[in-house]
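Asks: Contents of coords.cif (mmCIF, C-alpha atoms and all ligand atoms):
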```
data_data
#
loop_
_atom_site.label_atom_id
_atom_site.label_comp_id
_atom_site.auth_asym_id
_atom_site.auth_seq_id
_atom_site.Cartn_x
_atom_site.Cartn_y
_atom_site.Cartn_z
CA MET A 1 135.35 111.34 90.03
CA SER A 2 134.81 107.98 88.36
CA SER A 3 133.09 105.33 90.41
CA THR A 4 134.91 102.07 91.05
CA ALA A 5 133.65 98.67 92.04
CA SER A 6 135.66 98.61 95.25
CA ALA A 7 133.65 99.27 98.41
CA HIS A 8 136.82 100.59 100.09
CA VAL A 9 136.82 103.73 97.97
CA ALA A 10 133.07 104.21 98.06
CA THR A 11 133.25 107.90 98.81
CA ALA A 12 130.68 110.01 97.05
CA ASP A 13 130.00 113.04 94.98
CA GLN A 14 126.60 113.03 96.59
CA ALA A 15 125.20 113.56 100.05
CA PHE A 16 123.82 110.58 101.95
CA GLY A 17 120.89 110.40 104.31
CA VAL A 18 121.60 109.07 107.81
CA SER A 19 118.92 107.30 109.81
CA PHE A 20 119.02 106.56 113.49
CA ASP A 21 116.45 103.99 114.47
CA GLY A 22 115.97 103.38 118.19
CA VAL A 23 119.68 103.87 118.78
CA GLY A 24 121.01 103.16 122.25
CA ARG A 25 124.49 102.77 123.72
CA ALA A 26 125.40 101.27 127.06
CA PHE A 27 128.96 100.88 128.28
CA PRO A 28 130.15 98.17 130.67
CA SER A 29 130.64 99.67 134.13
CA GLY A 30 132.34 96.74 135.85
CA LYS A 31 130.96 93.74 137.78
CA GLY A 32 128.92 92.77 134.75
CA GLU A 33 126.82 95.92 134.99
CA SER A 34 126.35 98.51 132.33
CA ARG A 35 125.63 102.21 132.14
CA THR A 36 123.23 103.50 129.53
CA VAL A 37 124.52 106.67 127.87
CA LEU A 38 122.05 106.96 124.97
CA ARG A 39 118.63 105.46 124.41
CA ASP A 40 115.87 105.53 121.82
CA VAL A 41 117.50 108.00 119.46
CA THR A 42 115.38 108.05 116.31
CA ILE A 43 115.79 110.61 113.56
CA ASP A 44 116.21 110.68 109.79
CA VAL A 45 118.79 113.16 108.56
CA GLU A 46 118.10 114.17 104.98
CA PRO A 47 120.82 114.06 102.31
CA GLY A 48 122.51 117.47 102.29
CA GLU A 49 120.99 118.53 105.60
CA ILE A 50 123.05 120.23 108.31
CA LEU A 51 121.96 118.79 111.63
CA ALA A 52 123.35 120.32 114.82
CA ILE A 53 123.55 118.15 117.92
CA LEU A 54 123.41 120.05 121.20
CA GLY A 55 123.59 118.75 124.75
CA THR A 56 125.46 119.16 127.99
CA SER A 57 128.94 117.74 128.39
CA GLY A 58 129.00 113.97 128.73
CA CYS A 59 125.47 113.39 127.40
CA GLY A 60 126.65 111.25 124.48
CA LYS A 61 127.05 113.65 121.54
CA SER A 62 130.46 112.33 120.49
CA THR A 63 129.29 108.77 120.99
CA LEU A 64 126.38 109.38 118.62
CA LEU A 65 128.72 110.81 116.00
CA ARG A 66 131.21 107.97 116.42
CA MET A 67 128.47 105.46 115.71
CA VAL A 68 127.80 107.08 112.33
CA GLY A 69 131.47 106.94 111.34
CA GLY A 70 131.70 103.34 112.51
CA LEU A 71 134.16 104.23 115.29
CA ASP A 72 131.66 102.85 117.79
CA ALA A 73 128.58 100.65 117.49
CA PRO A 74 125.13 100.92 119.05
CA THR A 75 124.05 98.36 121.64
CA ALA A 76 120.42 98.90 120.60
CA GLY A 77 118.82 99.94 117.32
CA SER A 78 120.68 100.78 114.16
CA VAL A 79 122.48 103.55 112.31
CA ARG A 80 122.17 103.48 108.53
CA ILE A 81 123.87 105.60 105.92
CA ASP A 82 122.14 105.79 102.57
CA GLY A 83 120.07 102.78 103.63
CA SER A 84 122.90 100.45 104.65
CA ALA A 85 124.49 99.85 108.05
CA ALA A 86 127.42 102.06 109.03
CA ALA A 87 130.62 100.05 108.57
CA THR A 88 133.73 100.20 110.74
CA TYR A 89 135.59 103.36 109.68
CA ASP A 90 132.87 103.90 107.11
CA ALA A 91 134.46 105.30 103.93
CA ARG A 92 131.33 107.31 103.21
CA CYS A 93 132.08 109.55 106.21
CA ALA A 94 134.83 111.98 107.11
CA VAL A 95 135.45 113.27 110.61
CA GLY A 96 136.67 116.65 111.87
CA PHE A 97 137.64 117.23 115.49
CA GLN A 98 138.13 120.12 117.89
CA GLU A 99 141.92 119.85 117.47
CA PRO A 100 143.23 119.91 113.90
CA ARG A 101 145.34 116.73 114.40
CA LEU A 102 147.83 117.60 111.64
CA LEU A 103 151.16 115.89 111.06
CA PRO A 104 153.71 118.57 112.08
CA TRP A 105 156.44 117.41 109.67
CA ARG A 106 154.13 117.54 106.64
CA SER A 107 153.16 120.70 104.76
CA ILE A 108 149.63 122.08 104.72
CA ALA A 109 149.13 120.64 101.21
CA GLU A 110 150.50 117.24 102.25
CA ASN A 111 148.26 117.16 105.30
CA ILE A 112 145.22 117.81 103.11
CA ALA A 113 146.35 115.08 100.70
CA LEU A 114 146.28 112.60 103.59
CA GLY A 115 142.49 112.77 103.45
CA LEU A 116 142.31 111.57 99.84
CA PRO A 117 140.82 108.12 99.29
CA LYS A 118 143.45 105.41 98.82
CA ARG A 119 144.51 104.79 95.22
CA THR A 120 143.60 108.30 94.07
CA PRO A 121 145.58 108.86 90.84
CA ALA A 122 148.38 111.42 91.27
CA SER A 123 147.00 113.92 88.77
CA SER A 124 143.52 114.03 90.27
CA ALA A 125 145.11 114.16 93.77
CA ARG A 126 147.01 117.28 92.75
CA ASP A 127 143.87 118.88 91.32
CA THR A 128 141.74 118.05 94.35
CA VAL A 129 144.30 119.36 96.84
CA ALA A 130 144.73 122.57 94.83
CA ARG A 131 140.98 123.08 94.68
CA LEU A 132 140.52 122.46 98.42
CA ILE A 133 143.44 124.71 99.41
CA ASP A 134 141.82 127.43 97.36
CA LEU A 135 138.40 126.73 98.87
CA VAL A 136 139.68 127.16 102.43
CA GLY A 137 141.78 130.21 101.48
CA LEU A 138 145.23 128.71 102.11
CA SER A 139 146.79 128.86 98.63
CA ASP A 140 149.59 131.09 99.90
CA PHE A 141 150.42 128.64 102.68
CA ALA A 142 150.48 125.32 100.80
CA GLY A 143 154.16 124.70 101.61
CA HIS A 144 154.03 125.87 105.24
CA ARG A 145 154.21 123.49 108.19
CA PRO A 146 151.34 123.43 110.70
CA ARG A 147 153.42 125.26 113.34
CA GLU A 148 153.91 128.17 110.93
CA VAL A 149 150.19 128.92 110.56
CA SER A 150 147.52 130.19 112.96
CA GLY A 151 145.05 128.01 114.85
CA GLY A 152 142.29 129.02 112.45
CA MET A 153 144.41 128.07 109.45
CA ALA A 154 145.27 124.73 111.01
CA GLN A 155 141.58 124.08 111.53
CA ARG A 156 140.86 125.06 107.92
CA THR A 157 143.53 122.55 106.86
CA SER A 158 141.80 119.92 108.93
CA LEU A 159 138.44 120.73 107.30
CA ALA A 160 140.02 120.50 103.84
CA ARG A 161 141.58 117.13 104.75
CA ALA A 162 138.13 115.84 105.74
CA LEU A 163 136.66 117.16 102.48
CA ALA A 164 139.44 115.48 100.50
CA ARG A 165 137.79 112.20 101.34
CA ASN A 166 134.85 113.42 99.26
CA PRO A 167 132.49 112.31 102.01
CA GLY A 168 128.76 111.80 101.63
CA VAL A 169 128.52 112.54 105.36
CA LEU A 170 130.72 115.00 107.21
CA LEU A 171 130.95 114.42 110.96
CA LEU A 172 132.17 117.46 112.88
CA ASP A 173 132.75 117.15 116.63
CA GLU A 174 132.96 120.65 118.13
CA PRO A 175 135.20 121.64 115.20
CA PHE A 176 135.52 125.30 116.13
CA GLY A 177 135.41 124.94 119.90
CA ALA A 178 139.09 125.72 120.46
CA LEU A 179 139.15 128.86 118.29
CA ASP A 180 138.77 132.46 119.42
CA ALA A 181 135.33 133.99 118.91
CA LEU A 182 136.01 135.90 115.68
CA THR A 183 137.92 133.07 114.03
CA ARG A 184 135.03 130.78 114.96
CA LEU A 185 132.57 133.07 113.17
CA LYS A 186 134.78 133.08 110.08
CA MET A 187 135.00 129.28 110.18
CA GLN A 188 131.22 129.08 110.37
CA ASP A 189 130.99 131.22 107.23
CA LEU A 190 133.58 129.02 105.56
CA LEU A 191 131.64 125.88 106.41
CA LEU A 192 128.54 127.40 104.82
CA ASP A 193 130.55 128.30 101.69
CA VAL A 194 131.93 124.78 101.52
CA HIS A 195 128.48 123.30 102.00
CA ALA A 196 127.04 125.53 99.29
CA ALA A 197 129.80 124.41 96.89
CA ALA A 198 129.33 120.69 97.64
CA PRO A 199 126.27 120.02 99.77
CA THR A 200 127.33 117.01 101.79
CA THR A 201 125.26 115.91 104.79
CA VAL A 202 126.73 117.46 107.94
CA LEU A 203 126.31 116.25 111.51
CA LEU A 204 127.71 118.98 113.71
CA VAL A 205 128.23 118.50 117.43
CA THR A 206 128.50 121.81 119.21
CA HIS A 207 127.71 123.31 122.56
CA ASP A 208 127.45 126.76 121.05
CA VAL A 209 123.74 127.52 120.67
CA ASP A 210 124.41 130.44 118.30
CA GLU A 211 126.60 128.28 116.09
CA ALA A 212 123.81 125.72 115.85
CA LEU A 213 121.26 128.41 114.98
CA GLN A 214 123.54 129.97 112.39
CA LEU A 215 124.51 126.78 110.59
CA ALA A 216 121.86 124.12 110.97
CA ASP A 217 118.68 123.23 109.13
CA ARG A 218 117.59 121.38 112.26
CA ILE A 219 118.87 121.16 115.80
CA ILE A 220 118.41 118.25 118.15
CA LEU A 221 118.84 118.74 121.87
CA LEU A 222 120.04 115.63 123.66
CA GLY A 223 119.32 115.16 127.34
CA ARG A 224 117.86 112.91 129.94
CA GLU A 225 114.17 112.89 130.62
CA GLY A 226 113.45 112.71 134.34
CA ASP A 227 115.36 109.95 136.13
CA THR A 228 115.57 107.70 133.08
CA ALA A 229 119.05 106.42 132.33
CA GLY A 230 120.57 107.62 129.08
CA ALA A 231 120.07 110.72 126.98
CA THR A 232 117.66 110.90 124.09
CA ILE A 233 116.32 113.59 121.75
CA ARG A 234 114.44 115.99 124.01
CA GLU A 235 113.73 118.58 121.39
CA THR A 236 113.96 118.89 117.60
CA ILE A 237 113.95 122.40 116.22
CA VAL A 238 113.62 123.34 112.58
CA VAL A 239 115.61 126.56 112.24
CA PRO A 240 113.61 129.14 110.28
CA GLY A 241 114.98 131.18 107.41
CA HIS A 242 117.68 130.63 104.83
CA ARG A 243 121.41 130.75 105.40
CA PRO A 244 123.31 132.95 105.94
CA ARG A 245 120.99 134.01 108.74
CA ASP A 246 120.83 137.33 110.49
CA ARG A 247 122.57 136.68 113.79
CA GLY A 248 120.52 139.37 115.50
CA SER A 249 117.02 138.29 114.42
CA ALA A 250 114.26 138.25 117.04
CA GLU A 251 113.06 134.86 115.84
CA LEU A 252 116.47 133.30 116.49
CA ALA A 253 116.68 135.06 119.87
CA GLU A 254 113.49 133.31 120.94
CA LEU A 255 114.88 129.93 119.88
CA ARG A 256 118.18 130.72 121.56
CA GLY A 257 116.36 131.26 124.84
CA ARG A 258 114.51 127.99 124.44
CA LEU A 259 117.69 126.03 123.68
CA LEU A 260 119.64 127.63 126.51
CA ALA A 261 116.82 126.80 128.89
CA GLY A 262 116.94 123.22 127.58
CA LEU A 263 120.66 123.16 128.41
CA GLY A 264 119.90 124.33 131.93
CA ILE A 265 120.99 127.96 131.58
CA ASP A 266 118.90 130.26 133.74
CA ARG A 267 117.02 133.30 132.49
CA HIS A 268 119.80 135.73 133.43
CA GLY A 269 122.30 133.71 131.45
CA GLU A 270 119.81 133.63 128.61
CA ALA A 271 119.47 137.41 128.64
CA ARG A 272 123.24 137.84 128.65
CA GLY A 273 123.55 135.44 125.73
CA ILE A 274 121.27 137.58 123.62
CA GLU A 275 123.00 140.78 124.67
CA SER A 276 126.51 139.59 123.84
CA THR A 277 125.44 138.30 120.42
CA ARG A 278 124.07 141.72 119.50
CA THR A 279 127.48 143.28 120.08
CA ILE A 280 128.97 141.13 117.31
CA PRO A 281 129.28 143.22 114.13
CA HIS A 282 127.15 142.32 111.15
CA TYR A 283 128.15 139.67 108.67
CA PRO A 284 130.02 139.35 106.38
CA TYR A 285 133.25 140.29 108.15
N1 LIG B 1 134.51 103.75 125.27
C1 LIG B 1 133.83 104.15 126.36
N2 LIG B 1 133.78 103.37 127.47
C2 LIG B 1 133.08 103.74 128.56
N3 LIG B 1 132.39 104.90 128.66
C3 LIG B 1 132.40 105.72 127.58
C4 LIG B 1 133.13 105.39 126.39
N4 LIG B 1 132.95 106.40 125.49
C5 LIG B 1 132.16 107.30 126.10
N5 LIG B 1 131.84 106.90 127.35
C6 LIG B 1 130.99 107.62 128.31
O1 LIG B 1 129.81 108.02 127.64
C7 LIG B 1 129.39 109.29 128.12
C8 LIG B 1 129.18 110.20 126.93
O2 LIG B 1 130.42 110.53 126.35
P1 LIG B 1 130.54 111.48 125.08
O3 LIG B 1 129.77 110.88 123.97
O4 LIG B 1 131.98 111.71 124.87
O5 LIG B 1 129.81 112.80 125.60
P2 LIG B 1 129.77 114.26 124.96
O6 LIG B 1 130.45 114.21 123.64
O7 LIG B 1 128.33 114.63 124.89
O8 LIG B 1 130.49 115.15 125.94
C9 LIG B 1 130.45 109.78 129.07
O9 LIG B 1 130.02 109.58 130.38
C10 LIG B 1 131.63 108.90 128.75
O10 LIG B 1 132.40 108.70 129.91
MG MG B 2 132.16 115.14 122.96
#
```
Let me see the structure of the file written as C-alpha cells.

Replies:
Amino acid sequence: MSSTASAHVATADQAFGVSFDGVGRAFPSGKGESRTVLRDVTIDVEPGEILAILGTSGCGKSTLLRMVGGLDAPTAGSVRIDGSAAATYDARCAVGFQEPRLLPWRSIAENIALGLPKRTPASSARDTVARLIDLVGLSDFAGHRPREVSGGMAQRTSLARALARNPGVLLLDEPFGALDALTRLKMQDLLLDVHAAAPTTVLLVTHDVDEALQLADRIILLGREGDTAGATIRETIVVPGHRPRDRGSAELAELRGRLLAGLGIDRHGEARGIESTRTIPHYPY
C-alpha cells in the first residue's frame, strides 16, 4: 500500500513496538477521591511480538489495552507506539472484542470492508477484502448476513475487519472467550496463520492460560502485590519453543501450573487443568 502524508491513514505494513513506561490509571470514585486500578506497568513489547495479558477479572486488562488504542489515557506514565504517544483512536491500532460487533444488515464482505482505512481506493478495497475473506476461510460466505453464519464465522469476520485496517498493533480483548472450546482452538490456529502471513504486534487479553501459552511469545500476569492499590505486572514469562506448540508438552504444563497458581487457582484445579488439556486431540484439527 502506498504511504500518504496524512496522519489519519497512518496504518502500516509493518509491526510497531509498544512501550509502557510507569503506566498507571486511577478512576474518580466520588467525593473527589480516586481508585487506582493499574500502577507502575512498565514493559516494552517488540514489533511483531505476541504478548498475552493474563489476570483475574477486574484487574485492569481491558483498561491497559484501551490505553494503547487511545480509547483511554493513563493518569501516570506513558504509552508509546513506535516511539510516539498513543493518539485518541490511534489509527495504528485495530481492536477485536469478545463479541463480533457486526452490522446485521451488511454482508460478511461489507462488514470486513468497514475496517478499511478511510479513502481506500475502490479497487484496492476490493482486493484487500477478497484477500482477507480468503485468509479467514469465508470466501463461500461473502454475501451472507451475520445471522446466517456461525459464531466462529462471525468472529472470523470480526478478525478480518480488524486486519483490514492494516494495523501495526492488533489489540484483542478476550477475542475467543465466547466461542465453544473446539472453535476457540481453531481460531487460535487461525490467528497464528494470520500472524505468520503478516506479523503485526499483537496484545492479547485472555483469561485462558492455555491460550496464552499456545499463542504468545511472552505472557504478563497482572495482579496486586500485597495490600497495594492497583494491579501491576507480577510475572513476565517468556514462553519456550516455537509456534505452533505442542499443547501437551511437559514444559508448558509446568508453566501452566505456575500461571494458574498466580491467578489463585489451587493445586487441585491446576491438576485438573493439565488433565483436561491432555484429552484434547493433537493439532492440527
Ligand atoms: N471508565 C471507567 N470508570 C470507572 N471505573 C472504571 C472505568 N473503566 C474501568 N473501570 C474499573 O477498572 C477496573 C478494571 O476494569 P477492566 O480493565 O475492565 O478489568 P478487566 O478487563 O481486567 O476485567 C474495574 O474495577 C472497573 O470497574
Ligand atoms: Mg476486560

Asks: Using Å and a single decimal, report how far atom CA of A:His144 sits from atom CA of A:Ala94.

Replies: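 It comes out at 23.8 Å.
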
Asks: Compute the set of protein, DNA and RNA residues whose minimum atom distance to ligand MG 2 (chain B) is at most 9 Å, using only C-alpha atoms and all ligand atoms, and state it as a PDB file with C-alpha atoms, in the frame of the given file.

Replies:
```pdb
ATOM      1  CA  SER A  57     128.940 117.740 128.390  1.00  0.00           C
ATOM      2  CA  GLY A  58     129.000 113.970 128.730  1.00  0.00           C
ATOM      3  CA  CYS A  59     125.470 113.390 127.400  1.00  0.00           C
ATOM      4  CA  GLY A  60     126.650 111.250 124.480  1.00  0.00           C
ATOM      5  CA  LYS A  61     127.050 113.650 121.540  1.00  0.00           C
ATOM      6  CA  SER A  62     130.460 112.330 120.490  1.00  0.00           C
ATOM      7  CA  THR A  63     129.290 108.770 120.990  1.00  0.00           C
ATOM      8  CA  LEU A  65     128.720 110.810 116.000  1.00  0.00           C
ATOM      9  CA  ASP A 173     132.750 117.150 116.630  1.00  0.00           C
ATOM     10  CA  GLU A 174     132.960 120.650 118.130  1.00  0.00           C
ATOM     11  CA  VAL A 205     128.230 118.500 117.430  1.00  0.00           C
ATOM     12  CA  THR A 206     128.500 121.810 119.210  1.00  0.00           C
TER      13      THR A 206
END
```

Asks: Which one of A:Gln98, A:Thr200, A:Ser78, A:Ser139 sits closest to ligand LIG 1 (chain B) if you count all atoms listed in the file?

Replies: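 Of A:Gln98, A:Thr200, A:Ser78, A:Ser139, the one nearest ligand LIG 1 (chain B) is A:Gln98, counting all atoms listed in the file.
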
Asks: Leaving out stretch 186-189 of chain A and any residue of its chain fewer than 2 positions from it, which residues lie within 9 Å of it when counting all atoms listed in the file, given as an mmCIF file with C-alpha atoms, in the frame of the given file?

Replies:
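Printed below is result-v1.cif as written:
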```cif
data_model
loop_
_atom_site.group_PDB
_atom_site.id
_atom_site.type_symbol
_atom_site.label_atom_id
_atom_site.label_comp_id
_atom_site.auth_asym_id
_atom_site.auth_seq_id
_atom_site.Cartn_x
_atom_site.Cartn_y
_atom_site.Cartn_z
ATOM 1 C CA GLY A 152 142.290 129.020 112.450
ATOM 2 C CA GLN A 155 141.580 124.080 111.530
ATOM 3 C CA ARG A 156 140.860 125.060 107.920
ATOM 4 C CA PHE A 176 135.520 125.300 116.130
ATOM 5 C CA ALA A 181 135.330 133.990 118.910
ATOM 6 C CA LEU A 182 136.010 135.900 115.680
ATOM 7 C CA THR A 183 137.920 133.070 114.030
ATOM 8 C CA ARG A 184 135.030 130.780 114.960
ATOM 9 C CA LEU A 191 131.640 125.880 106.410
ATOM 10 C CA LEU A 192 128.540 127.400 104.820
ATOM 11 C CA ASP A 193 130.550 128.300 101.690
ATOM 12 C CA VAL A 194 131.930 124.780 101.520
ATOM 13 C CA GLU A 211 126.600 128.280 116.090
ATOM 14 C CA GLN A 214 123.540 129.970 112.390
ATOM 15 C CA LEU A 215 124.510 126.780 110.590
ATOM 16 C CA PRO A 244 123.310 132.950 105.940
ATOM 17 C CA PRO A 284 130.020 139.350 106.380
ATOM 18 C CA TYR A 285 133.250 140.290 108.150
#
```

Asks: I'd like the neighbourhood of A:Leu172 as a list of chain:residue names, where a residue qualifies if any of its atoms comes within 6 Å (using all atoms listed in the file), though same-chain residues fewer than 5 positions away should be ignored.

Replies: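 Result of the neighbour search: A:Val95, A:Gly96, A:Leu204.
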
Asks: So the first atom is atom CA of A:Ser107 and the second is atom CA of A:Gly143; what is the distance between them in Å, to one decimal place?

Replies: 5.2 Å

Asks: Which neighbours of A:Ala160 fall inside 6 Å, counting all atoms listed in the file, when residues of the same chain fewer than 3 positions from it are skipped, and could you give them as a ChimeraX atom specification?

Replies: /A:112,132,157,163

Asks: Record the distance separating atom CA of A:Asp21 and atom CA of A:Asp82, expressed in Å with one decimal.

Replies: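 Straight-line distance from atom CA of A:Asp21 to atom CA of A:Asp82 works out to 13.3 Å.
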
Asks: Write out as a ChimeraX atom specification each polymer residue whose atoms come within 12 Å of A:Glu235, counting only C-alpha atoms; drop sequence neighbours fewer than 5 positions from it.

Replies: /A:41-43,52-55,218-225,255,258-263

Asks: Using all atoms listed in the file, can you tell me which of A:Ala164, A:Leu114, A:Ala229, A:Leu138 comes closest to ligand LIG 1 (chain B)?

Replies: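 Checking each of A:Ala164, A:Leu114, A:Ala229, A:Leu138 against ligand LIG 1 (chain B), counting all atoms listed in the file, the winner is A:Ala229.
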
Asks: Around all the atoms of ligand LIG 1 (chain B) listed in the file, with 6 Å of room on each side, what axis-aligned box do you get, giving centre and edge lengths in Å to one decimal, as lines of an AutoDock Vina configuration file?

Replies:
```
center_x = 131.4
center_y = 109.3
center_z = 127.0
size_x = 18.2
size_y = 23.8
size_z = 18.7
```

Asks: With distances taken over all atoms listed in the file, which of A:Gly257, A:Gly264, A:Gly30, A:Gly168 is nearest to ligand LIG 1 (chain B)?

Replies: A:Gly30

Asks: Out of A:Glu49, A:Asp72, A:Asp140, A:Asp13, which residue has the shortest atom-to-atom distance to ligand LIG 1 (chain B) when counting only C-alpha atoms and all ligand atoms?

Replies: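 Once distances to ligand LIG 1 (chain B) are computed over only C-alpha atoms and all ligand atoms, the minimum belongs to A:Asp72.
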
Asks: So which one's closest to A:Gly48, A:Ala142, A:Ile233, A:Leu171, A:Ala15? Using only C-alpha atoms, please.

Replies: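 Among the listed residues, A:Ala15 lies closest to A:Gly48.
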
Asks: Go through A:Arg92, A:Lys31, A:His207, A:Arg106 one by one, measure the shortest atom-to-atom distance of each to ligand LIG 1 (chain B) using all atoms listed in the file, and give the residue with the smallest value.

Replies: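 Of the candidates, the smallest distance to ligand LIG 1 (chain B) is held by A:His207.
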
Asks: Fewer than 2 positions away in the same chain doesn't count, so skip those; otherwise give me all residues within 7 Å of A:Pro117, counting only C-alpha atoms, as a PDB file with C-alpha atoms, in the frame of the given file.

Replies:
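The resulting selection_13.pdb:
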```
ATOM      1  CA  VAL A   9     136.820 103.730  97.970  1.00  0.00           C
ATOM      2  CA  GLY A 115     142.490 112.770 103.450  1.00  0.00           C
ATOM      3  CA  ARG A 119     144.510 104.790  95.220  1.00  0.00           C
ATOM      4  CA  THR A 120     143.600 108.300  94.070  1.00  0.00           C
ATOM      5  CA  ARG A 165     137.790 112.200 101.340  1.00  0.00           C
TER       6      ARG A 165
END
```

Asks: For a cut-off of 12 Å around (115.6, 102.6, 126.4), file coordinates, pick out all residues using all atoms listed in the file and list them as a PyMOL selection string.

Replies: chain A and resi 22-26+35-42+75-77+224-225+228-233

Asks: Kindly output stretch 29-50 of chain A as a short mmCIF file (atom, residue, chain, number, x, y, z; two decimals), in the coordinates of the input, after building N, CA and C atoms.

Replies:
```cif
data_model
loop_
_atom_site.label_atom_id
_atom_site.label_comp_id
_atom_site.auth_asym_id
_atom_site.auth_seq_id
_atom_site.Cartn_x
_atom_site.Cartn_y
_atom_site.Cartn_z
N SER A 29 130.17 98.85 133.00
CA SER A 29 130.64 99.67 134.13
C SER A 29 131.20 98.79 135.25
N GLY A 30 131.72 97.62 134.87
CA GLY A 30 132.34 96.74 135.85
C GLY A 30 131.32 95.84 136.52
N LYS A 31 131.79 94.75 137.08
CA LYS A 31 130.96 93.74 137.78
C LYS A 31 129.77 93.30 136.93
N GLY A 32 129.99 93.24 135.64
CA GLY A 32 128.92 92.77 134.75
C GLY A 32 127.78 93.76 134.57
N GLU A 33 127.90 94.93 135.16
CA GLU A 33 126.82 95.92 134.99
C GLU A 33 127.12 96.84 133.81
N SER A 34 126.11 97.58 133.43
CA SER A 34 126.35 98.51 132.33
C SER A 34 125.65 99.84 132.61
N ARG A 35 126.18 100.86 131.97
CA ARG A 35 125.63 102.21 132.14
C ARG A 35 125.12 102.70 130.80
N THR A 36 123.84 103.05 130.78
CA THR A 36 123.23 103.50 129.53
C THR A 36 123.55 104.97 129.32
N VAL A 37 124.17 105.28 128.19
CA VAL A 37 124.52 106.67 127.87
C VAL A 37 123.48 107.26 126.92
N LEU A 38 123.06 106.49 125.93
CA LEU A 38 122.05 106.96 124.97
C LEU A 38 120.95 105.93 124.87
N ARG A 39 119.74 106.40 124.63
CA ARG A 39 118.63 105.46 124.41
C ARG A 39 117.63 106.04 123.42
N ASP A 40 117.02 105.17 122.67
CA ASP A 40 115.87 105.53 121.82
C ASP A 40 116.10 106.76 120.94
N VAL A 41 117.26 106.86 120.35
CA VAL A 41 117.50 108.00 119.46
C VAL A 41 116.99 107.63 118.06
N THR A 42 115.97 108.33 117.62
CA THR A 42 115.38 108.05 116.31
C THR A 42 115.24 109.36 115.54
N ILE A 43 115.93 109.44 114.42
CA ILE A 43 115.79 110.61 113.56
C ILE A 43 116.33 110.28 112.17
N ASP A 44 115.70 110.82 111.15
CA ASP A 44 116.21 110.68 109.79
C ASP A 44 116.83 112.00 109.38
N VAL A 45 118.10 111.97 109.04
CA VAL A 45 118.79 113.16 108.56
C VAL A 45 118.77 113.10 107.04
N GLU A 46 118.27 114.15 106.44
CA GLU A 46 118.10 114.17 104.98
C GLU A 46 119.46 114.34 104.27
N PRO A 47 119.59 113.80 103.07
CA PRO A 47 120.82 114.06 102.31
C PRO A 47 121.02 115.57 102.14
N GLY A 48 122.20 116.05 102.45
CA GLY A 48 122.51 117.47 102.29
C GLY A 48 122.09 118.35 103.45
N GLU A 49 121.42 117.75 104.43
CA GLU A 49 120.99 118.53 105.60
C GLU A 49 122.18 118.83 106.52
N ILE A 50 122.11 119.97 107.21
CA ILE A 50 123.05 120.23 108.31
C ILE A 50 122.27 120.07 109.60
#
```
